[in-house]
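Next comes run27.cif, a file with mmCIF, C-alpha atoms.
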```cif
data_coords
loop_
_atom_site.label_atom_id
_atom_site.label_comp_id
_atom_site.auth_asym_id
_atom_site.auth_seq_id
_atom_site.Cartn_x
_atom_site.Cartn_y
_atom_site.Cartn_z
CA MET Q 1 -93.64 30.18 -190.38
CA ASP Q 2 -92.98 28.73 -186.93
CA SER Q 3 -89.76 27.01 -185.95
CA GLU Q 4 -89.83 23.44 -184.70
CA GLU Q 5 -89.53 24.70 -181.11
CA LEU Q 6 -92.56 26.98 -181.39
CA THR Q 7 -94.62 24.28 -183.14
CA GLU Q 8 -93.96 21.79 -180.36
CA LEU Q 9 -94.75 24.34 -177.63
CA ARG Q 10 -98.00 25.35 -179.33
CA ALA Q 11 -99.05 21.69 -179.42
CA ALA Q 12 -98.16 21.22 -175.76
CA ILE Q 13 -100.15 24.31 -174.69
CA ALA Q 14 -103.15 23.14 -176.72
CA GLY Q 15 -103.18 20.03 -174.53
CA ALA Q 16 -102.61 21.94 -171.25
CA PRO Q 17 -103.89 25.51 -171.66
CA ASN Q 18 -103.73 26.30 -167.92
CA ASN Q 19 -100.13 25.17 -167.43
CA ILE Q 20 -98.39 28.45 -166.36
CA PRO Q 21 -94.76 27.16 -166.52
CA LEU Q 22 -95.42 25.89 -170.04
CA GLN Q 23 -96.87 29.25 -171.12
CA LYS Q 24 -93.82 31.03 -169.69
CA LEU Q 25 -91.55 28.77 -171.74
CA PHE Q 26 -93.63 29.59 -174.81
CA GLY Q 27 -93.38 33.34 -174.11
CA GLN Q 28 -89.58 33.16 -173.78
CA ALA Q 29 -89.40 31.19 -177.06
CA LEU Q 30 -91.48 33.88 -178.78
CA LEU Q 31 -89.00 36.52 -177.56
CA ARG Q 32 -86.03 34.53 -178.88
CA HIS Q 33 -87.71 34.33 -182.29
CA GLN Q 34 -88.58 38.07 -182.15
CA LYS Q 35 -92.34 37.46 -182.31
CA TYR Q 36 -92.91 40.37 -179.95
CA GLU Q 37 -96.62 41.00 -180.55
CA GLU Q 38 -97.55 37.40 -179.73
CA ALA Q 39 -95.11 37.45 -176.79
CA GLU Q 40 -96.86 40.57 -175.43
CA ALA Q 41 -100.26 38.85 -175.64
CA THR Q 42 -98.88 35.68 -174.03
CA PHE Q 43 -97.25 37.41 -171.05
CA LYS Q 44 -100.32 39.61 -170.49
CA ASN Q 45 -102.44 36.45 -170.36
CA ILE Q 46 -100.10 34.87 -167.82
CA LEU Q 47 -100.13 38.03 -165.67
CA ARG Q 48 -103.88 37.72 -165.22
CA ALA Q 49 -103.26 34.44 -163.41
CA SER Q 50 -99.93 35.43 -161.76
CA PRO Q 51 -99.97 39.23 -161.29
CA ASP Q 52 -96.88 39.27 -159.00
CA ASP Q 53 -94.59 37.06 -161.06
CA ALA Q 54 -91.43 39.14 -161.69
CA SER Q 55 -90.20 36.89 -164.51
CA VAL Q 56 -93.47 37.37 -166.39
CA LYS Q 57 -93.29 41.16 -165.96
CA LEU Q 58 -89.71 41.05 -167.25
CA GLY Q 59 -90.84 39.06 -170.29
CA LEU Q 60 -93.61 41.59 -170.98
CA ALA Q 61 -91.15 44.51 -170.62
CA THR Q 62 -88.81 42.77 -173.10
CA ALA Q 63 -91.71 42.47 -175.56
CA PHE Q 64 -92.50 46.18 -175.11
CA CYS Q 65 -88.83 46.96 -175.83
CA GLY Q 66 -88.93 44.84 -178.99
CA LEU Q 67 -92.08 46.67 -180.14
CA SER Q 68 -90.50 50.08 -179.29
CA LYS Q 69 -93.25 50.74 -176.74
CA THR Q 70 -90.59 52.56 -174.76
CA SER Q 71 -92.69 54.59 -172.32
CA THR Q 72 -94.89 51.61 -171.38
CA GLY Q 73 -91.82 49.41 -170.93
CA LEU Q 74 -90.06 51.98 -168.74
CA VAL Q 75 -93.11 52.30 -166.47
CA LEU Q 76 -93.20 48.53 -166.02
CA VAL Q 77 -89.44 48.11 -165.40
CA GLU Q 78 -89.20 51.11 -163.06
CA GLU Q 79 -92.01 49.55 -161.02
CA MET Q 80 -89.98 46.33 -160.84
CA MET Q 81 -86.94 48.28 -159.66
CA LYS Q 82 -88.81 49.25 -156.50
CA ALA Q 83 -88.66 45.63 -155.31
CA PRO Q 84 -85.90 44.77 -152.79
CA LYS Q 85 -84.21 42.39 -155.25
CA PRO Q 86 -85.35 42.93 -158.86
CA PRO Q 87 -84.24 40.34 -161.45
CA ILE Q 88 -80.72 41.00 -162.66
CA ARG Q 89 -81.85 40.90 -166.29
CA ALA Q 90 -84.29 43.69 -165.50
CA TRP Q 91 -81.26 46.03 -165.45
CA LEU Q 92 -80.35 44.89 -168.96
CA VAL Q 93 -83.88 45.51 -170.28
CA TYR Q 94 -83.90 48.83 -168.43
CA ALA Q 95 -80.66 49.82 -170.23
CA LYS Q 96 -82.20 48.93 -173.62
CA LEU Q 97 -85.34 50.99 -172.92
CA LEU Q 98 -83.29 53.97 -171.71
CA LEU Q 99 -81.21 53.72 -174.89
CA GLN Q 100 -84.43 53.84 -176.96
CA SER Q 101 -85.49 56.94 -175.06
CA GLY Q 102 -82.19 58.64 -175.95
CA ASN Q 103 -80.89 58.73 -172.37
CA GLY Q 104 -77.37 57.48 -173.01
CA SER Q 105 -75.78 58.23 -169.63
CA GLU Q 106 -78.52 56.46 -167.61
CA ALA Q 107 -78.50 53.57 -170.10
CA ARG Q 108 -74.78 53.14 -169.50
CA ASP Q 109 -75.30 53.19 -165.70
CA ALA Q 110 -78.03 50.53 -165.93
CA TYR Q 111 -75.92 48.34 -168.22
CA GLU Q 112 -72.89 48.60 -165.93
CA LYS Q 113 -75.09 47.66 -162.97
CA ALA Q 114 -76.34 44.59 -164.88
CA ILE Q 115 -72.89 43.23 -165.77
CA LEU Q 116 -71.61 44.03 -162.26
CA LEU Q 117 -74.30 41.75 -160.86
CA ASP Q 118 -73.79 39.08 -163.55
CA PRO Q 119 -70.79 39.42 -165.93
CA THR Q 120 -72.15 36.59 -168.10
CA ILE Q 121 -74.98 38.77 -169.46
CA LYS Q 122 -72.68 41.13 -171.34
CA ASP Q 123 -74.23 42.39 -174.57
CA ALA Q 124 -71.57 43.69 -176.97
CA PHE Q 125 -74.11 45.19 -179.40
CA LEU Q 126 -75.96 47.04 -176.62
CA GLU Q 127 -72.66 48.30 -175.23
CA SER Q 128 -71.55 49.67 -178.61
CA GLU Q 129 -74.94 51.35 -179.18
CA ILE Q 130 -74.76 53.04 -175.76
CA ASN Q 131 -71.20 54.22 -176.45
CA LEU Q 132 -72.21 55.54 -179.87
CA LEU Q 133 -75.12 57.53 -178.42
CA ASN Q 134 -72.94 59.00 -175.69
CA GLN Q 135 -70.28 59.99 -178.23
CA LYS Q 136 -72.91 61.84 -180.25
CA LYS Q 137 -74.12 63.57 -177.09
CA GLN Q 138 -70.56 64.69 -176.39
CA GLU Q 139 -70.14 66.32 -179.78
CA PRO Q 140 -69.94 70.05 -179.19
CA GLN Q 141 -72.96 72.24 -179.63
CA LYS Q 142 -72.59 74.94 -182.22
CA ILE Q 143 -73.65 78.56 -182.48
CA LYS Q 144 -74.91 79.29 -185.98
CA LEU Q 145 -73.94 82.64 -187.43
CA GLY Q 146 -75.12 83.73 -190.86
CA GLY Q 147 -74.61 86.37 -193.51
CA ALA Q 148 -77.34 88.65 -194.81
CA GLU Q 149 -80.76 87.02 -194.51
CA ASN Q 150 -81.72 87.53 -198.14
CA SER Q 151 -78.35 86.88 -199.71
CA GLU Q 152 -78.30 84.19 -202.38
CA THR Q 153 -74.69 83.41 -201.46
CA GLU Q 154 -75.32 83.19 -197.75
CA GLU Q 155 -72.71 81.18 -195.93
CA GLU Q 156 -73.33 79.85 -192.45
CA THR Q 157 -70.56 79.87 -189.86
CA THR Q 158 -70.63 77.87 -186.65
CA ILE Q 159 -68.75 78.16 -183.37
CA ASP Q 160 -68.19 75.07 -181.26
CA ILE Q 161 -69.28 75.03 -177.63
CA GLU Q 162 -66.77 73.02 -175.65
CA LYS Q 163 -66.77 71.25 -172.28
CA PRO Q 164 -63.03 71.30 -171.49
CA SER Q 165 -61.41 68.54 -169.43
CA THR Q 166 -58.29 70.66 -168.88
CA ASN Q 167 -57.94 72.31 -165.46
CA PHE Q 168 -55.39 74.34 -163.47
CA SER Q 169 -53.34 71.23 -162.65
CA GLN Q 170 -52.39 71.13 -166.34
CA VAL Q 171 -51.27 74.76 -166.39
CA GLY Q 172 -47.63 75.12 -165.40
CA GLY Q 173 -46.90 78.01 -163.03
CA MET Q 174 -48.98 81.23 -163.27
CA GLU Q 175 -49.96 80.95 -159.57
CA LYS Q 176 -50.67 84.67 -159.19
CA VAL Q 177 -52.86 84.68 -162.31
CA LYS Q 178 -54.68 81.54 -161.18
CA GLU Q 179 -55.41 83.10 -157.79
CA GLU Q 180 -56.88 86.21 -159.43
CA ILE Q 181 -59.13 84.01 -161.56
CA ARG Q 182 -60.14 81.97 -158.50
CA MET Q 183 -61.25 85.14 -156.69
CA LYS Q 184 -63.09 86.56 -159.68
CA ILE Q 185 -64.62 83.41 -161.20
CA ILE Q 186 -64.16 80.15 -159.29
CA HIS Q 187 -64.92 81.18 -155.70
CA PRO Q 188 -68.14 83.05 -156.65
CA LEU Q 189 -69.46 79.90 -158.32
CA ALA Q 190 -68.41 77.67 -155.42
CA HIS Q 191 -69.77 80.02 -152.70
CA PRO Q 192 -72.59 82.04 -154.29
CA GLU Q 193 -74.32 82.70 -150.96
CA ILE Q 194 -71.28 84.58 -149.58
CA TYR Q 195 -70.97 86.78 -152.66
CA LYS Q 196 -74.71 87.49 -152.74
CA ALA Q 197 -74.59 88.49 -149.06
CA TYR Q 198 -72.28 91.33 -150.14
CA GLY Q 199 -74.41 92.12 -153.19
CA LYS Q 200 -71.65 90.88 -155.49
CA LYS Q 201 -72.77 89.43 -158.81
CA ILE Q 202 -71.37 86.17 -160.14
CA GLY Q 203 -69.69 86.92 -163.44
CA GLY Q 204 -67.80 89.76 -165.00
CA GLY Q 205 -64.73 90.13 -167.14
CA ILE Q 206 -60.99 89.52 -167.00
CA LEU Q 207 -58.54 90.76 -169.62
CA LEU Q 208 -55.33 88.74 -169.95
CA TYR Q 209 -52.43 90.46 -171.65
CA GLY Q 210 -48.79 89.64 -172.27
CA PRO Q 211 -46.40 88.31 -174.90
CA PRO Q 212 -47.71 85.73 -177.36
CA GLY Q 213 -47.34 82.03 -176.61
CA CYS Q 214 -47.46 82.35 -172.82
CA GLY Q 215 -50.65 80.35 -172.31
CA LYS Q 216 -53.48 82.89 -172.22
CA THR Q 217 -55.82 80.73 -174.31
CA HIS Q 218 -54.80 77.56 -172.47
CA LEU Q 219 -55.48 79.32 -169.16
CA ALA Q 220 -58.95 80.42 -170.31
CA ARG Q 221 -59.84 76.88 -171.35
CA ALA Q 222 -58.50 75.51 -168.04
CA THR Q 223 -60.67 78.04 -166.16
CA ALA Q 224 -63.78 76.57 -167.80
CA GLY Q 225 -62.56 73.07 -166.96
CA GLU Q 226 -61.90 74.08 -163.35
CA VAL Q 227 -65.54 75.13 -162.84
CA GLN Q 228 -66.89 72.41 -165.20
CA SER Q 229 -68.73 75.00 -167.29
CA ASN Q 230 -69.32 75.43 -171.00
CA PHE Q 231 -66.59 77.18 -172.95
CA ILE Q 232 -67.14 79.31 -176.06
CA PRO Q 233 -63.93 80.43 -177.80
CA VAL Q 234 -64.49 83.40 -180.11
CA GLY Q 235 -62.08 84.76 -182.70
CA ILE Q 236 -62.36 87.89 -184.81
CA SER Q 237 -63.24 85.85 -187.92
CA ASP Q 238 -66.29 84.46 -186.06
CA ILE Q 239 -67.68 87.97 -185.59
CA LEU Q 240 -66.78 90.12 -188.57
CA ASP Q 241 -69.08 90.01 -191.59
CA LEU Q 242 -69.21 91.87 -194.90
CA TYR Q 243 -72.86 92.81 -194.53
CA LEU Q 244 -73.87 95.94 -192.65
CA GLY Q 245 -75.06 95.18 -189.13
CA GLN Q 246 -74.36 91.43 -189.32
CA SER Q 247 -71.21 91.63 -187.19
CA GLU Q 248 -73.24 93.16 -184.36
CA ARG Q 249 -75.89 90.45 -184.75
CA ASN Q 250 -73.22 87.74 -184.65
CA LEU Q 251 -71.80 89.17 -181.43
CA HIS Q 252 -75.24 89.38 -179.85
CA ALA Q 253 -76.02 85.77 -180.86
CA ILE Q 254 -72.85 84.57 -179.11
CA PHE Q 255 -73.66 86.43 -175.89
CA GLU Q 256 -77.25 85.18 -175.98
CA LYS Q 257 -76.06 81.58 -176.29
CA ALA Q 258 -73.67 82.05 -173.36
CA ARG Q 259 -76.52 83.45 -171.22
CA ARG Q 260 -78.65 80.39 -171.97
CA LEU Q 261 -75.77 78.01 -171.13
CA LYS Q 262 -74.62 79.63 -167.90
CA PRO Q 263 -72.40 79.03 -166.10
CA CYS Q 264 -70.40 79.63 -169.24
CA VAL Q 265 -66.92 80.97 -169.96
CA LEU Q 266 -66.94 83.21 -173.01
CA PHE Q 267 -63.42 83.73 -174.32
CA PHE Q 268 -62.45 86.42 -176.84
CA ASP Q 269 -59.03 85.95 -178.43
CA GLU Q 270 -57.32 88.99 -179.99
CA ALA Q 271 -59.65 91.30 -178.10
CA ASP Q 272 -57.80 94.35 -179.41
CA ALA Q 273 -59.01 93.51 -182.94
CA LEU Q 274 -62.65 93.54 -181.82
CA GLY Q 275 -62.28 96.41 -179.39
CA ALA Q 276 -59.71 98.70 -181.00
CA ASN Q 277 -59.51 102.28 -179.84
CA ARG Q 278 -62.37 104.19 -181.50
CA THR Q 279 -60.27 107.35 -181.85
CA ASP Q 280 -58.10 105.48 -184.38
CA MET Q 281 -61.07 104.45 -186.54
CA ARG Q 282 -62.17 106.17 -189.72
CA GLN Q 283 -65.17 103.95 -190.49
CA SER Q 284 -68.33 103.99 -188.42
CA ALA Q 285 -68.91 100.22 -188.81
CA GLY Q 286 -66.07 99.47 -186.40
CA ARG Q 287 -67.45 101.94 -183.86
CA HIS Q 288 -70.88 100.32 -184.04
CA LEU Q 289 -69.36 96.91 -183.30
CA ILE Q 290 -67.44 98.26 -180.31
CA ASN Q 291 -70.58 99.95 -178.99
CA GLN Q 292 -72.42 96.63 -179.33
CA PHE Q 293 -69.59 94.84 -177.49
CA LEU Q 294 -69.72 97.37 -174.65
CA SER Q 295 -73.49 97.07 -174.43
CA GLU Q 296 -73.29 93.27 -174.20
CA LEU Q 297 -70.63 93.52 -171.48
CA ASP Q 298 -72.74 95.97 -169.46
CA GLY Q 299 -75.69 93.58 -169.40
CA ILE Q 300 -78.18 96.45 -169.12
CA GLU Q 301 -80.83 94.85 -171.33
CA TYR Q 302 -79.75 91.26 -170.58
CA ASP Q 303 -78.67 89.46 -167.41
CA ASN Q 304 -75.00 88.47 -167.58
CA GLU Q 305 -74.87 86.83 -164.15
CA GLY Q 306 -73.18 83.45 -164.51
CA VAL Q 307 -71.51 84.47 -167.79
CA LEU Q 308 -67.76 84.62 -167.19
CA ILE Q 309 -66.00 86.69 -169.81
CA LEU Q 310 -62.30 86.27 -170.50
CA ALA Q 311 -60.37 88.08 -173.20
CA ALA Q 312 -56.76 87.94 -174.33
CA THR Q 313 -54.61 90.43 -176.15
CA ASN Q 314 -50.95 90.86 -176.99
CA THR Q 315 -51.40 94.62 -177.45
CA PRO Q 316 -53.53 96.09 -174.62
CA TRP Q 317 -52.43 99.60 -175.62
CA HIS Q 318 -54.60 99.28 -178.76
CA LEU Q 319 -57.75 98.43 -176.77
CA ASP Q 320 -60.41 101.11 -176.36
CA PRO Q 321 -60.17 102.53 -172.81
CA ALA Q 322 -63.93 102.07 -172.36
CA PHE Q 323 -63.39 98.32 -172.03
CA ARG Q 324 -61.40 98.86 -168.84
CA ARG Q 325 -64.27 100.52 -167.00
CA PRO Q 326 -65.40 98.69 -163.81
CA GLY Q 327 -68.10 96.18 -164.62
CA ARG Q 328 -66.56 95.36 -167.99
CA PHE Q 329 -62.99 94.06 -167.99
CA ASP Q 330 -62.41 95.20 -164.44
CA ARG Q 331 -59.48 92.84 -163.88
CA ILE Q 332 -56.49 93.42 -166.16
CA ILE Q 333 -53.96 90.64 -165.56
CA PHE Q 334 -50.43 90.50 -166.91
CA VAL Q 335 -49.46 86.98 -168.06
CA PRO Q 336 -45.64 86.98 -168.13
CA PRO Q 337 -43.36 84.35 -169.60
CA PRO Q 338 -43.11 81.38 -167.23
CA ASP Q 339 -40.50 81.60 -164.46
CA GLU Q 340 -37.93 78.84 -163.90
CA ALA Q 341 -40.22 76.63 -161.80
CA ALA Q 342 -43.07 77.11 -164.26
CA ARG Q 343 -40.81 76.27 -167.22
CA ALA Q 344 -39.85 73.01 -165.52
CA ALA Q 345 -43.54 72.22 -164.90
CA ILE Q 346 -44.46 73.04 -168.52
CA LEU Q 347 -41.69 70.80 -169.86
CA GLU Q 348 -42.84 67.97 -167.61
CA ILE Q 349 -46.44 68.33 -168.79
CA HIS Q 350 -45.47 68.41 -172.49
CA LEU Q 351 -43.14 65.42 -172.15
CA ALA Q 352 -45.55 63.32 -170.05
CA ASN Q 353 -46.54 60.92 -172.85
CA LYS Q 354 -43.30 60.92 -174.82
CA PRO Q 355 -40.38 58.46 -174.68
CA ILE Q 356 -37.89 60.08 -172.28
CA GLN Q 357 -34.89 59.02 -170.21
CA ASN Q 358 -33.66 60.71 -167.01
CA ILE Q 359 -34.77 64.24 -167.92
CA ASP Q 360 -33.40 67.00 -165.67
CA TYR Q 361 -36.25 69.48 -166.02
CA ASN Q 362 -34.65 72.05 -163.72
CA GLN Q 363 -31.42 72.16 -165.75
CA ILE Q 364 -33.36 72.74 -168.98
CA ALA Q 365 -35.51 75.39 -167.25
CA ARG Q 366 -32.36 77.26 -166.16
CA GLN Q 367 -31.12 77.33 -169.76
CA THR Q 368 -34.39 78.64 -171.23
CA LYS Q 369 -34.75 82.05 -169.58
CA ASP Q 370 -37.39 84.29 -171.27
CA PHE Q 371 -38.84 81.32 -173.19
CA SER Q 372 -42.62 81.29 -173.54
CA GLY Q 373 -44.70 78.12 -173.27
CA ALA Q 374 -44.84 78.04 -177.07
CA ASP Q 375 -41.04 78.39 -177.24
CA LEU Q 376 -40.64 75.41 -174.91
CA GLN Q 377 -42.96 73.37 -177.12
CA ALA Q 378 -40.77 74.37 -180.07
CA VAL Q 379 -37.70 73.12 -178.17
CA ILE Q 380 -39.36 69.73 -177.67
CA ASP Q 381 -40.38 69.60 -181.34
CA ARG Q 382 -36.81 70.35 -182.44
CA ALA Q 383 -35.45 67.63 -180.14
CA ILE Q 384 -37.95 65.11 -181.49
CA GLU Q 385 -37.07 65.99 -185.09
CA GLN Q 386 -33.39 65.36 -184.33
CA LYS Q 387 -34.27 62.00 -182.74
CA LEU Q 388 -36.41 61.05 -185.74
CA THR Q 389 -33.53 61.83 -188.12
CA ALA Q 390 -31.19 59.63 -186.07
CA ALA Q 391 -33.80 56.85 -185.85
CA MET Q 392 -34.25 56.86 -189.64
CA GLN Q 393 -30.51 56.31 -190.08
CA SER Q 394 -30.04 53.68 -187.38
CA GLY Q 395 -33.45 52.06 -187.57
CA VAL Q 396 -33.65 52.10 -183.75
CA PRO Q 397 -35.77 54.78 -181.99
CA GLN Q 398 -34.15 56.26 -178.86
CA PRO Q 399 -35.77 58.18 -175.97
CA LEU Q 400 -35.29 61.90 -175.47
CA THR Q 401 -32.56 62.91 -173.04
CA THR Q 402 -31.60 66.10 -171.23
CA ALA Q 403 -28.73 66.61 -173.68
CA ASP Q 404 -31.14 66.42 -176.64
CA LEU Q 405 -33.35 69.11 -175.17
CA LEU Q 406 -30.45 71.37 -174.19
CA GLN Q 407 -29.07 71.11 -177.73
CA ALA Q 408 -32.49 72.02 -179.16
CA ALA Q 409 -32.79 74.95 -176.73
CA LYS Q 410 -29.57 76.45 -178.13
CA LEU Q 411 -31.19 76.51 -181.59
CA GLN Q 412 -34.42 78.15 -180.38
CA LYS Q 413 -34.48 81.87 -179.58
CA PRO Q 414 -37.04 83.28 -177.10
CA THR Q 415 -39.82 85.08 -178.98
CA THR Q 416 -40.85 87.23 -176.00
CA LYS Q 417 -37.99 89.73 -176.25
CA GLU Q 418 -39.43 91.54 -179.25
CA TRP Q 419 -42.74 92.00 -177.43
CA PHE Q 420 -41.02 93.43 -174.34
CA ASN Q 421 -39.09 95.92 -176.49
CA THR Q 422 -42.43 97.41 -177.59
CA ALA Q 423 -44.20 97.01 -174.25
CA LYS Q 424 -41.38 98.76 -172.40
CA ASN Q 425 -42.01 102.00 -174.31
CA TYR Q 426 -45.71 102.01 -173.38
CA ALA Q 427 -44.92 101.10 -169.77
CA LEU Q 428 -42.42 103.96 -169.46
CA PHE Q 429 -44.18 106.72 -171.39
CA SER Q 430 -47.93 105.89 -171.57
CA ASN Q 431 -48.66 104.55 -168.11
CA GLU Q 432 -50.50 107.33 -166.31
CA SER Q 433 -53.09 104.91 -164.88
CA GLY Q 434 -50.45 102.42 -163.74
CA LEU Q 435 -51.88 99.76 -166.04
CA TYR Q 436 -48.45 98.56 -167.14
CA ASP Q 437 -46.72 98.60 -163.74
CA ASP Q 438 -46.47 94.80 -163.87
CA ILE Q 439 -44.37 95.07 -167.02
CA LEU Q 440 -41.99 97.51 -165.29
CA SER Q 441 -41.73 95.17 -162.30
CA TYR Q 442 -41.00 92.22 -164.53
CA LEU Q 443 -38.25 94.15 -166.35
CA ASN Q 444 -36.90 95.55 -163.05
CA LEU Q 445 -37.42 99.10 -164.30
CA LYS Q 446 -38.50 102.15 -162.38
CA LYS Q 447 -40.72 104.70 -164.08
#
```

Taking this structure as input, can you express it in the form of structure tokens?
Amino acid sequence: MDSEELTELRAAIAGAPNNIPLQKLFGQALLRHQKYEEAEATFKNILRASPDDASVKLGLATAFCGLSKTSTGLVLVEEMMKAPKPPIRAWLVYAKLLLQSGNGSEARDAYEKAILLDPTIKDAFLESEINLLNQKKQEPQKIKLGGAENSETEEETTIDIEKPSTNFSQVGGMEKVKEEIRMKIIHPLAHPEIYKAYGKKIGGGILLYGPPGCGKTHLARATAGEVQSNFIPVGISDILDLYLGQSERNLHAIFEKARRLKPCVLFFDEADALGANRTDMRQSAGRHLINQFLSELDGIEYDNEGVLILAATNTPWHLDPAFRRPGRFDRIIFVPPPDEAARAAILEIHLANKPIQNIDYNQIARQTKDFSGADLQAVIDRAIEQKLTAAMQSGVPQPLTTADLLQAAKLQKPTTKEWFNTAKNYALFSNESGLYDDILSYLNLKK
């Protein structure tokens, strides 16, 4: 049933069927009342008489949008965009059509262009729909890994594929390690023509080793953020499976996904658990998995160019020597506890969004020798807990001070010392290849 407005316009058009301005008013009224099919017919009729009228084309495109004739509407609006000065509302209709097509990023650009030209045409519903679509697009992809194909109790595991926003500016210290990663990973991606001139492939592997809590995982994620690539973190639980041969298939599936998403940083945490020394193994299943790992790293059957492989371990002495062959993990980098300057930088990063007052980062850094990044986080957590206790009693929250952090540091012991006690023995007595020379240098020991 027509509204009063539509009834009056119909009567007026019946008396003046060739009145173009009146027909345009009728078409706009049909759009307001969501009578899109009749609006389409009306605007098409007007276009026969006025084929170059931009407002009529815009009305027809709006009707197409209302009828979900997305492709037809996009063709019409994109043609309008070629004009020197398209109607401002054309950008709004363009955003709606792009949203229908599932192109969230371009829809957002078109919408922002529309409200930049005319802030009064803001559309809160359209804006929320665009934001919702873009949020869904940003949800991480997943790699699906399964159990035995015919198992009635099959459970499916997934691994998230990330797009990290963290970069090297958010990694305190580690300048030597960062420079090694730049030479191996970042520069080849930034200057592929120079590396190809020397026949050098883009990709390869880096093994990070050192005491726990010193930022190996954080550094790997920052590397992916630095080159704006995909990041796939892999733990031992993501690979190992009860069923014979499934662990190898899981590993292959992860490498295959990385090859399709290149450039991609593939990060293996606890690499010693996946690549333990085969001479220590009694079961053949573990050897098969290591052989599969080595085969994937070699890239003989598959092209690994553009796949950047990082691995971390706290116990490199348990890793099978075959992983250290050139072309596999051909860069073995020691990640030591942060030095004094790095500790100050780490504290500043961790305290950036917390209530603080006149913090002397250098003084705290001097009092936290041998502390790992995780130890420094523990110091901050202790200081916050003490502040929370005081705030509960007084009812007034107070900012963190240097004294609070120094007091917390006295209660926290560095966790790296135990690791160095073990590492020192390997560095002194099992270091024929010079692999652990960096540990000796750090401890100021001579072999």

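Closest approach to Q:Ala374 from the set Q:Pro414, Q:Gly210, Q:Gly102, Q:Pro263 is made by Q:Pro414, with distances taken over all atoms listed in the file.
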
Here is a test: counting all atoms listed in the file, which residue of Q:Ile332, Q:Leu98, Q:Leu22, Q:Ile364 is nearest to Q:Glu129?
Q:Leu98

Kindly resolve the PyMOL selection byres ((chain Q and resi 346-356) around 6) on the present coordinates and return the residues as a count of residues only.
7

Evaluate the PyMOL selection byres ((chain Q and resi 231) around 9) and report residues as a PyMOL selection string
chain Q and resi 160-164+220-221+224-225+229-230+232-233+258+264-267

Residue neighbourhood Q:Glu340, 12 Å, all atoms listed in the file, exclusion window fewer than 6 positions, as a tab-separated table (two decimals) with C-alpha atoms, in the frame of the given file:
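Below is the file part_7.tsv, written as the result:
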```tsv
chain	number	residue	atom	x	y	z
Q	172	GLY	CA	-47.63	75.12	-165.40
Q	173	GLY	CA	-46.90	78.01	-163.03
Q	174	MET	CA	-48.98	81.23	-163.27
Q	346	ILE	CA	-44.46	73.04	-168.52
Q	347	LEU	CA	-41.69	70.80	-169.86
Q	361	TYR	CA	-36.25	69.48	-166.02
Q	362	ASN	CA	-34.65	72.05	-163.72
Q	363	GLN	CA	-31.42	72.16	-165.75
Q	364	ILE	CA	-33.36	72.74	-168.98
Q	365	ALA	CA	-35.51	75.39	-167.25
Q	366	ARG	CA	-32.36	77.26	-166.16
Q	367	GLN	CA	-31.12	77.33	-169.76
Q	368	THR	CA	-34.39	78.64	-171.23
Q	369	LYS	CA	-34.75	82.05	-169.58
Q	370	ASP	CA	-37.39	84.29	-171.27
Q	371	PHE	CA	-38.84	81.32	-173.19
Q	372	SER	CA	-42.62	81.29	-173.54
Q	373	GLY	CA	-44.70	78.12	-173.27
Q	376	LEU	CA	-40.64	75.41	-174.91
```

Translate the PyMOL selection byres ((chain Q and resi 237) around 12), as applied to the file shown, into an explicit residue set as a ChimeraX atom specification.
/Q:145,157-159,233-236,238-242,247,250-251,268-271,273-274

Stretch 417-427 of chain Q environment, 7 Å, all atoms listed in the file, sequence neighbours closer than 3 positions dropped, as JSON, numbers by chain:
{"Q": [211, 414, 430, 431, 436, 437, 439, 440]}

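Atom CA of Q:Gly213 sits 29.2 Å away from atom CA of Q:Ala390.
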
Provide the atom CA of Q:Ile88 to atom CA of Q:Leu58 distance in Å, to one decimal place.
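Distance reported for this atom pair: 10.1 Å.
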
List as a VMD selection string the protein and nucleic acid residues near Q:Leu92, meaning an atom at most 7 Å away when only C-alpha atoms are counted, but skip any in the same chain fewer than 6 places from it.
chain Q and resid 110 to 111 114

Within 12 Å of stretch 1-6 of chain Q using only C-alpha atoms, minus same-chain residues under 5 positions, as a ChimeraX atom specification
/Q:11-13,22-23,25-35,38-39

Identify which of the residues Q:Val75, Q:Met81, Q:Leu443, Q:Thr70 lies closest to Q:Ser101, counting all atoms listed in the file when measuring atom-to-atom distances.
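Smallest distance to Q:Ser101 is found for Q:Thr70.
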
(-36.7, 57.6, -182.5) in this file's frame - what residues fall within 8 Å of it? Use all atoms listed in the file and give the answer as a PyMOL selection string.
chain Q and resi 384+387-392+396-399

Taking C-alpha atoms for each residue, export the selection above as a tab-separated table (two decimals), in the frame of the given file.
```tsv
chain	number	residue	atom	x	y	z
Q	384	ILE	CA	-37.95	65.11	-181.49
Q	387	LYS	CA	-34.27	62.00	-182.74
Q	388	LEU	CA	-36.41	61.05	-185.74
Q	389	THR	CA	-33.53	61.83	-188.12
Q	390	ALA	CA	-31.19	59.63	-186.07
Q	391	ALA	CA	-33.80	56.85	-185.85
Q	392	MET	CA	-34.25	56.86	-189.64
Q	396	VAL	CA	-33.65	52.10	-183.75
Q	397	PRO	CA	-35.77	54.78	-181.99
Q	398	GLN	CA	-34.15	56.26	-178.86
Q	399	PRO	CA	-35.77	58.18	-175.97
```

One residue among Q:His252, Q:Arg331, Q:Ala403, Q:Pro337 is nearest to Q:Glu301 when using all atoms listed in the file, and that residue is Q:His252
